[in-house]
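Below is one structure; the comments refer to it alone.
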Protein chains: 2
Amino acid sequence: MPTGYNGKILNVNLTEGTFTEDTPAEIVYRMYMGGSALSLYYLLKEQKPGVDPLGPENKLIFMSSVISGAPLAGLTRYTVASRSPLTGAFGEAEAGGFWGPELKMAGFDGVIIEGRSPQPVYLWIKDGKAEIRDAAKIWGKDTGEAERLIREELGDNRIRVAQCGPAGEKMVRYACVVNELKHANGRTGMGAVMGSKNLRAIAVRGAERLTLANPEKVREIGKKVVELIKEAPLAQNFKKYGTPFFVLPLNTSGILPTRNFQAGQFAGAEAISGETMTDTILVKTEGCYACAVQCKRAVKVEGKYSASPEYGGPEYETIASLGSFCGIDNLAAIAQGNEMCNRWGLDTISTGVCIAFAMECTELGILTPQETDGINLRFGNVDGMLEMIRKIAFREGFGDILAEGVQRAAQKIGKGSEKYAMHIKGQELPMHDPRGKHGLTLSYAISPTGADHIEAPHDTSFLTDNLMLKAAKPAAVLEPTTAFELGPRKIRQFVHTQQIWNFFNSLGVCNFAAAPYTAFPLVTLAEAVEAVTGWNTSLYELMELGERTITMARMFNIREGLSSKDDYLPERLFESLEKGTPREKRIAKEIFAEALRLYYQAMGWDAQSGVPTDGRLSFLGLDWLIPKK
Amino acid sequence: MPTGYNGKILNVNLTEGTFTEDTPAEIVYRMYMGGSALSLYYLLKEQKPGVDPLGPENKLIFMSSVISGAPLAGLTRYTVASRSPLTGAFGEAEAGGFWGPELKMAGFDGVIIEGRSPQPVYLWIKDGKAEIRDAAKIWGKDTGEAERLIREELGDNRIRVAQCGPAGEKMVRYACVVNELKHANGRTGMGAVMGSKNLRAIAVRGAERLTLANPEKVREIGKKVVELIKEAPLAQNFKKYGTPFFVLPLNTSGILPTRNFQAGQFAGAEAISGETMTDTILVKTEGCYACAVQCKRAVKVEGKYSASPEYGGPEYETIASLGSFCGIDNLAAIAQGNEMCNRWGLDTISTGVCIAFAMECTELGILTPQETDGINLRFGNVDGMLEMIRKIAFREGFGDILAEGVQRAAQKIGKGSEKYAMHIKGQELPMHDPRGKHGLTLSYAISPTGADHIEAPHDTSFLTDNLMLKAAKPAAVLEPTTAFELGPRKIRQFVHTQQIWNFFNSLGVCNFAAAPYTAFPLVTLAEAVEAVTGWNTSLYELMELGERTITMARMFNIREGLSSKDDYLPERLFESLEKGTPREKRIAKEIFAEALRLYYQAMGWDAQSGVPTDGRLSFLGLDWLIPKK
């Protein structure tokens, strides 16, 4: 069995219009593997602190991983990373689809972009060669039109395109990167960074076959995983309903985010549920490269509202953020809103949270229709919500204020509106309520990218004390909990699961295809890394990679000026949900503070400052990050 | 495949003469598994702090593990643990042989002894039943005679006997427990604790077959490991020369402990080498239960000095401690000294270090022959060394002083002799010089049992940066090093290997049969645990068990009054070896101090006090050890 891993990184300087190739030493691949960790490696090593996120010095990194592109379910994700224009902290978002594997087949593990092109361009990578091409024709166009034009110009319909949309061109601070019109690197404004560089798209096409150290073992694992997916109840739910499957159980549990986190139940939940979607507008289920789960949706809507299947269909996050969170129960309109976000390149979560914020301000009289371009932005205003998406994408009128993100918008609006801006570190909260999902309390507060729902699993109780890290177990998201508990045992489970999801983000593993959520046992994942790379590895090494990833992101944020003060929750989350009922849900401030202290210590960080200690950095092989004395 | 693990612990109260049985919950087995960790679990949970180590309240624990007794090479070791009468800290020693597996086949994973019998007794355990029997006949007898009498009395020649010898009866503070006359739980005075309880022996015999969750997988692993042992060069050296194989290469490297650590080369090295032993006095190579390595020796000496093969033969540690460390190059006499220690139940390391200490004091005039019972204890005095062993074992004359251990002996002798007492935390140093084996610097200083050579591998360089935790690689003990280096990278390697050896001590894995030294890959070890117990486990869980073990021992010591002040090296080790030559070896104090700080932090301990933080205790599932505020 051959051992070792060779790969190439493409460096692009858009200011100069030049390329260089980097072939990292094997030890670099071994220590960082890809995705988050390998992106952080380059950001920490090669970018000086404090650069303007929307300036030419900020690097924009597209990074796949050592196992991405192997014919195995759930290993297709790639990372886009940079200093975030939304938070000033580590910016990072993953996406599935086919783009990541295609990049690898085109000969590169990653692309690191710096500088700013004098005029709009796109990047064309094929079979190990790269070219900067004029993007005048596609600048300003919808993503669908841009993709069509690129494929036409290059004469190949199978080209995979990752792009920012018009929202990225306009540097909306939560503009996303979207590939194949429907797979979004959604969060932290990576599309804005792309737009700031006058880079509209990266088109890739490759014919190179991945070298597998042990192809037979890869095939064997592949077969096993497909079998496991067939048997996993949650995977079957994902196939049938997609992520919108979660709408109804969360509503039943009283934690479906509703009207800007004012409530946890929404009267219109049934109308916007996964079941309703499957029964009404769903036309096709889809999946990512080599994946058997097929959790993706394609929907079609015609009539007053419209949505085309080429833009996919709304995920749970989108249904909640444009739906219940804005008090909207019209699934067709939500589907259209989803398409608008994909068409123009907006993160649906941040978009929904910004609009809901404006809605609550309107309800309270902090904002008036005069200030919001004549739109009466009350909760439930379907057409207002849709119009506001357009205004944000193109920075029109009041949309220009919301395009700055909810934190900056509230600062601009003033009048006490900050209280209703649901963000952490400047990033809008996802559609999961920590008052019911206690693990998220910590996860939201300490996530280096700001409020983030894929930093660690939401309910850690499936990871039982007996530490069955290998087993696939369905998530217990429905467990009704009232008493808020974040004691030492939860800390233990939280850190374990945070390590897991963080090595997922460095390996490009999808959270839905792998344990603990569905089917891919963690030990088998380690075997897959071994079969693909030839390294003698183990789950231990992957868990350490997880901790290394978390710690590098922490170090990045510290050098960008963040501190333990930034590990907080919005005040609203300390208010009770369903107060006075047996289902009351509330987070106790003193328990949260104690959990934060225990978490810092559990990670080997200073208990007060939350700064990783020199010794723990040493243990993780990150001694190069020890501050010079 | 059946899952779960059931086992029984036998509790013996010698004061009352009563028994109870304990069937720990599966989660207890899963978290602690056996050996060190499971012993610490009981010591920390059920014994109050500060008990007299030689009083009835001190528990004496014999503990095997969940995988002990499986028909796999290298999994036979068991732990004897207690509060040490030598150090006042955690006392613990492992031994191989057949006793551990036999205990399991007799129906018990462990035996916990408390109280003190009114008269000498021994314990007889057979097929799930236990009995306290009168030991009047065997009290005071040599171990060989005692074993013969027990087997005779019980009418079964295949009974396995672990016992303290006369030295244990006399509570020599470094008396050992010895099974089959030659496998010693050598260190920290566990034989003295046994003697203090008037318990001379534990005889076991069992016919129960071990339940294996997946017998086929166990067989498959067994075959693979035997193949790997055949291919491992170091295993082959162990088979041919035993541990004495190390004498010559260490001498060549200038780190064979000589004349109380005054030198690192010994003129008589050739005469006491493994090669010489194999060529002259070796009569048989032997091994432990189910092991293919066969590193054990049986030697025969007749003439002025004598040694019988029933007492085995000297290990490397013994050859060095009674040989080069005392300036003695007579292999026959060393073999006799080894037999005397096994016959009377003395730890050979501590015995040799105590005698060498007295020899240096004699050379310096601090001690005179009048004070040492007329024996002129100069380095190289062969008969004086042998006579002193006898005097220590029976606490005769000056032997009574040395029987207290080198720390207490030096305190008693005074006159500046403390400087020549080679101990840490009160335990005598093993036969490895950290001035050449840099990893040992930390290992000696922080080992919870005092100076200990099996806390972590001696040279960690075989564990390369690319973290091939799975691969078996031969140890690089011969690497000549001059510059003392203990930087962040070494800390990383040290903590990894310390975790490995600590989970070995909790699982009863022999350091010679498993990776990284010889053959048993670590991932395969995890598979073995899975095949035996049915648990879905992984190397990650075992590495965490390693850290849990280290941390529990630290917490035990803290409650017994130890602190970071006890993490030191004897001053002599900061003196140069081969000063002024290109081979000069020295430990820089400031590097050592910095390494200690980094180590504490790497473990998630307070950087100053070395106390594990509440958060890291939580992470390890040890929240029950968080001090009450």
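To be explicit about the labels: the chains of the structure tokens are called A, B, and onward in the order shown, and within each one the residues are counted from 1, while ligands get numbers from 1 in the order they are shown.
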
Wanna dump the chain A-chain B contacts at 8 Å for me, each residue with its shortest atom pair and the distance in Å to one decimal, counting only C-alpha atoms, ordered by chain and number, as a tab-separated table?
```
residue	atom	partner	partner_atom	distance
A:Ile27	CA	B:Asn466	CA	6.1
A:Arg30	CA	B:Asn466	CA	6.4
A:Met31	CA	B:Asn466	CA	7.2
A:Asp465	CA	B:Ile27	CA	7.5
A:Asn466	CA	B:Ile27	CA	6.1
A:Leu467	CA	B:Glu541	CA	7.5
A:Met468	CA	B:Asn536	CA	5.9
A:Leu469	CA	B:Thr537	CA	7.1
A:Lys470	CA	B:Asn536	CA	5.7
A:Ala471	CA	B:Asn536	CA	6.5
A:Pro488	CA	B:Ser618	CA	4.6
A:Arg489	CA	B:Ser618	CA	6.3
A:Ile491	CA	B:Phe619	CA	6.2
A:Arg492	CA	B:Phe619	CA	4.1
A:Gln493	CA	B:Phe619	CA	7.7
A:Val495	CA	B:Phe619	CA	7.2
A:Val523	CA	B:Ser538	CA	6.8
A:Trp535	CA	B:Met468	CA	7.9
A:Asn536	CA	B:Lys470	CA	5.8
A:Thr537	CA	B:Lys470	CA	6.4
A:Ser538	CA	B:Leu539	CA	6.7
A:Leu539	CA	B:Tyr540	CA	5.7
A:Tyr540	CA	B:Tyr540	CA	4.1
A:Glu541	CA	B:Leu467	CA	7.5
A:Met543	CA	B:Tyr540	CA	7.3
A:Arg597	CA	B:Gly615	CA	7.3
A:Leu598	CA	B:Gly615	CA	4.0
A:Tyr599	CA	B:Gly615	CA	6.0
A:Tyr600	CA	B:Gly615	CA	7.1
A:Gln601	CA	B:Gly615	CA	4.5
A:Ala602	CA	B:Arg616	CA	4.0
A:Met603	CA	B:Arg616	CA	7.2
A:Gly604	CA	B:Gly604	CA	4.5
A:Trp605	CA	B:Gly604	CA	7.7
A:Thr613	CA	B:Gln601	CA	6.2
A:Asp614	CA	B:Leu598	CA	6.4
A:Gly615	CA	B:Leu598	CA	4.0
A:Arg616	CA	B:Ala602	CA	4.0
A:Leu617	CA	B:Ala602	CA	7.5
A:Ser618	CA	B:Pro488	CA	4.7
A:Phe619	CA	B:Arg492	CA	4.1
A:Leu620	CA	B:Arg492	CA	6.7
A:Gly621	CA	B:Arg489	CA	6.6
A:Asp623	CA	B:Pro488	CA	6.0
```

**Non-local contacts of B:Arg408 (9 Å; only C-alpha atoms; under 6 positions in same chain excluded) as a PyMOL selection string** = chain B and resi 401-402+426

**Request:** Just list the residues in stretch 536-589 of chain B DSSP gives alpha helix (DSSP H) on the backbone, as a list in words.
**Result:** Leu539, Tyr540, Glu541, Leu542, Met543, Glu544, Leu545, Gly546, Glu547, Arg548, Thr549, Ile550, Thr551, Met552, Ala553, Arg554, Met555, Phe556, Asn557, Ile558, Arg559 and Lys589 of chain B

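Counting from atom CA of B:Ile550, the distance to atom CA of B:Arg77 is 18.2 Å.
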
**Item:** Members of stretch 200-318 of chain A assigned strand (DSSP E or B) by DSSP, as a PyMOL selection string
**Value:** chain A and resi 200-205+258+263+282-286+296-299+301+307

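Contact shell of B:Cys354 at 9 Å (only C-alpha atoms; same-chain neighbours under 2 positions omitted): Ile349, Ser350, Thr351, Gly352, Ala356, Phe357, Ala358, Met359, Leu402, Ala403, Gly405, Val406, Ala409, Ala421, Met422 and Glu428 of chain B.
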
**Prompt:** In Å, with one decimal, what is the gap from atom CA of B:Phe62 to atom CA of B:Ser39?
**Reply:** 7.9 Å

**Request:** Would you mind listing what lies within 12 Å of stretch 528-534 of chain A as a PyMOL selection string, with only C-alpha atoms counted and same-chain residues fewer than 5 positions away left out?
**Result:** (chain A and resi 1-7+26+29-30+33-34+65-75+210-222+224-225+503-504+507-509+520-523+539+541-542) or (chain B and resi 468+470)

**Prompt:** Between atom CA of B:Cys176 and atom CA of B:His438, what is the distance, to one decimal in Å?
**Reply:** 28.3 Å

Each residue of stretch 378-470 of chain A with at least one atom at most 12 Å from stretch 123-142 of chain A should appear once, together with its nearest atom pair and the corresponding distance in Å (one decimal); atoms considered: only C-alpha atoms; ordering: chain, then increasing residue number; output as a tab-separated table.
```
residue	atom	partner	partner_atom	distance
A:Arg390	CA	A:Asp142	CA	11.8
A:Ala393	CA	A:Asp142	CA	10.8
A:Phe394	CA	A:Gly140	CA	9.6
```

**Request:** Mind checking which residues fall within 7 Å of stretch 557-567 of chain A, counting only C-alpha atoms, ignoring those fewer than 3 positions away in the same chain, and posting them as a PyMOL selection string?
**Result:** chain A and resi 49-50+89-90+425+445-446+448+553-554+609-610

**Request:** Write out as a list in words each polymer residue whose atoms come within 10 Å of B:Arg259, counting only C-alpha atoms; drop sequence neighbours fewer than 3 positions from it.
**Result:**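 The residues that qualify are Leu256, Gln262, Ala263, Gly264, Gln265, Phe266, Ala320, Ser321, Gly323, Ser324, Phe325, Cys326, Gly327, Ile328, Val353, Ala356, Phe357, Met359, Glu360, Phe379 and Gly380 of chain B.
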
Those residues you just picked out, can you put them in a file as a short mmCIF file (atom, residue, chain, number, x, y, z; two decimals), in the first residue's frame with all heavy atoms?
```cif
data_model
loop_
_atom_site.label_atom_id
_atom_site.label_comp_id
_atom_site.auth_asym_id
_atom_site.auth_seq_id
_atom_site.Cartn_x
_atom_site.Cartn_y
_atom_site.Cartn_z
N LEU B 256 25.08 4.44 30.97
CA LEU B 256 24.83 3.30 31.84
C LEU B 256 25.08 3.77 33.28
O LEU B 256 26.21 4.11 33.64
CB LEU B 256 25.78 2.14 31.49
CG LEU B 256 25.62 0.88 32.35
CD1 LEU B 256 24.28 0.19 32.08
CD2 LEU B 256 26.77 -0.09 32.13
N GLN B 262 27.49 8.70 39.27
CA GLN B 262 28.68 9.54 39.10
C GLN B 262 29.21 9.46 37.68
O GLN B 262 29.91 10.36 37.23
CB GLN B 262 29.79 9.10 40.06
CG GLN B 262 29.46 9.41 41.50
CD GLN B 262 30.64 9.10 42.40
OE1 GLN B 262 31.53 9.92 42.61
NE2 GLN B 262 30.64 7.88 42.94
N ALA B 263 28.89 8.36 36.98
CA ALA B 263 29.40 8.20 35.63
C ALA B 263 28.35 7.51 34.76
O ALA B 263 27.32 7.04 35.25
CB ALA B 263 30.69 7.39 35.64
N GLY B 264 28.63 7.50 33.46
CA GLY B 264 27.71 6.89 32.50
C GLY B 264 28.37 5.78 31.71
O GLY B 264 27.78 5.22 30.78
N GLN B 265 29.60 5.47 32.08
CA GLN B 265 30.27 4.33 31.45
C GLN B 265 30.93 3.50 32.54
O GLN B 265 31.44 4.03 33.52
CB GLN B 265 31.32 4.82 30.45
CG GLN B 265 30.66 5.28 29.17
CD GLN B 265 31.63 5.30 28.00
OE1 GLN B 265 32.67 5.94 28.09
NE2 GLN B 265 31.26 4.62 26.92
N PHE B 266 30.89 2.18 32.32
CA PHE B 266 31.39 1.27 33.33
C PHE B 266 32.38 0.32 32.67
O PHE B 266 32.04 -0.34 31.68
CB PHE B 266 30.21 0.50 33.93
CG PHE B 266 30.59 -0.47 35.01
CD1 PHE B 266 31.35 -0.05 36.11
CD2 PHE B 266 30.20 -1.80 34.95
CE1 PHE B 266 31.69 -0.95 37.11
CE2 PHE B 266 30.53 -2.71 35.95
CZ PHE B 266 31.29 -2.28 37.04
N ALA B 320 22.08 -3.50 36.34
CA ALA B 320 22.66 -2.17 36.53
C ALA B 320 22.67 -1.77 38.00
O ALA B 320 23.69 -1.28 38.51
CB ALA B 320 21.90 -1.15 35.69
N SER B 321 21.57 -2.01 38.72
CA SER B 321 21.49 -1.49 40.09
C SER B 321 22.44 -2.25 41.03
O SER B 321 23.08 -1.63 41.88
CB SER B 321 20.05 -1.53 40.62
OG SER B 321 19.56 -2.85 40.63
N GLY B 323 24.91 -4.05 39.81
CA GLY B 323 26.17 -4.13 39.08
C GLY B 323 26.84 -2.77 38.94
O GLY B 323 27.42 -2.24 39.90
N SER B 324 26.72 -2.17 37.76
CA SER B 324 27.46 -0.93 37.48
C SER B 324 27.19 0.16 38.52
O SER B 324 28.09 0.92 38.89
CB SER B 324 27.10 -0.42 36.08
OG SER B 324 25.69 -0.26 35.95
N PHE B 325 25.96 0.20 39.03
CA PHE B 325 25.62 1.26 39.98
C PHE B 325 26.40 1.10 41.29
O PHE B 325 26.65 2.07 42.00
CB PHE B 325 24.11 1.25 40.24
CG PHE B 325 23.54 2.59 40.60
CD1 PHE B 325 23.53 3.62 39.65
CD2 PHE B 325 23.03 2.86 41.86
CE1 PHE B 325 23.01 4.87 39.97
CE2 PHE B 325 22.50 4.10 42.18
CZ PHE B 325 22.50 5.11 41.23
N CYS B 326 26.75 -0.17 41.60
CA CYS B 326 27.56 -0.44 42.79
C CYS B 326 29.02 -0.69 42.41
O CYS B 326 29.82 -1.14 43.25
CB CYS B 326 27.02 -1.66 43.54
SG CYS B 326 25.45 -1.35 44.37
N GLY B 327 29.34 -0.45 41.14
CA GLY B 327 30.71 -0.66 40.69
C GLY B 327 31.11 -2.13 40.63
O GLY B 327 32.28 -2.48 40.77
N ILE B 328 30.12 -2.99 40.42
CA ILE B 328 30.36 -4.45 40.46
C ILE B 328 30.24 -5.06 39.07
O ILE B 328 29.24 -4.83 38.37
CB ILE B 328 29.37 -5.10 41.46
CG1 ILE B 328 29.82 -4.75 42.89
CG2 ILE B 328 29.28 -6.62 41.25
CD1 ILE B 328 28.86 -5.16 43.96
N VAL B 353 20.19 0.90 44.78
CA VAL B 353 20.42 2.33 44.97
C VAL B 353 20.77 2.63 46.43
O VAL B 353 21.65 3.46 46.72
CB VAL B 353 19.20 3.16 44.50
CG1 VAL B 353 19.35 4.63 44.88
CG2 VAL B 353 19.00 3.01 43.00
N ALA B 356 24.38 1.43 46.90
CA ALA B 356 25.33 2.32 46.22
C ALA B 356 25.47 3.64 46.97
O ALA B 356 26.56 4.21 47.05
CB ALA B 356 24.88 2.58 44.78
N PHE B 357 24.36 4.11 47.51
CA PHE B 357 24.39 5.32 48.35
C PHE B 357 25.35 5.11 49.54
O PHE B 357 26.22 5.95 49.81
CB PHE B 357 22.97 5.63 48.84
CG PHE B 357 22.91 6.48 50.07
CD1 PHE B 357 23.16 7.85 50.02
CD2 PHE B 357 22.60 5.91 51.31
CE1 PHE B 357 23.10 8.62 51.17
CE2 PHE B 357 22.54 6.68 52.46
CZ PHE B 357 22.79 8.05 52.39
N MET B 359 27.70 3.02 49.69
CA MET B 359 29.06 2.89 49.16
C MET B 359 29.69 4.25 48.92
O MET B 359 30.84 4.49 49.28
CB MET B 359 29.04 2.07 47.86
CG MET B 359 28.82 0.56 48.10
SD MET B 359 28.63 -0.33 46.53
CE MET B 359 28.89 -2.04 47.09
N GLU B 360 28.93 5.16 48.32
CA GLU B 360 29.51 6.48 48.07
C GLU B 360 29.81 7.19 49.40
O GLU B 360 30.85 7.83 49.55
CB GLU B 360 28.61 7.34 47.18
CG GLU B 360 29.32 8.65 46.82
CD GLU B 360 28.69 9.42 45.66
OE1 GLU B 360 27.64 8.96 45.15
OE2 GLU B 360 29.25 10.45 45.28
N PHE B 379 32.69 0.97 46.69
CA PHE B 379 32.22 0.54 45.36
C PHE B 379 32.98 -0.70 44.92
O PHE B 379 34.21 -0.76 45.07
CB PHE B 379 32.39 1.65 44.32
CG PHE B 379 31.36 2.73 44.41
CD1 PHE B 379 31.72 4.04 44.72
CD2 PHE B 379 30.01 2.43 44.19
CE1 PHE B 379 30.75 5.04 44.81
CE2 PHE B 379 29.04 3.44 44.28
CZ PHE B 379 29.41 4.75 44.60
N GLY B 380 32.28 -1.67 44.40
CA GLY B 380 32.94 -2.86 43.89
C GLY B 380 33.05 -3.99 44.90
O GLY B 380 33.49 -5.10 44.55
#
```

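Minimum atom-to-atom distance to B:Thr20, evaluated using only C-alpha atoms, belongs to B:Ile113 out of B:Ile229, B:Ala167, B:Ile113, B:Cys295.
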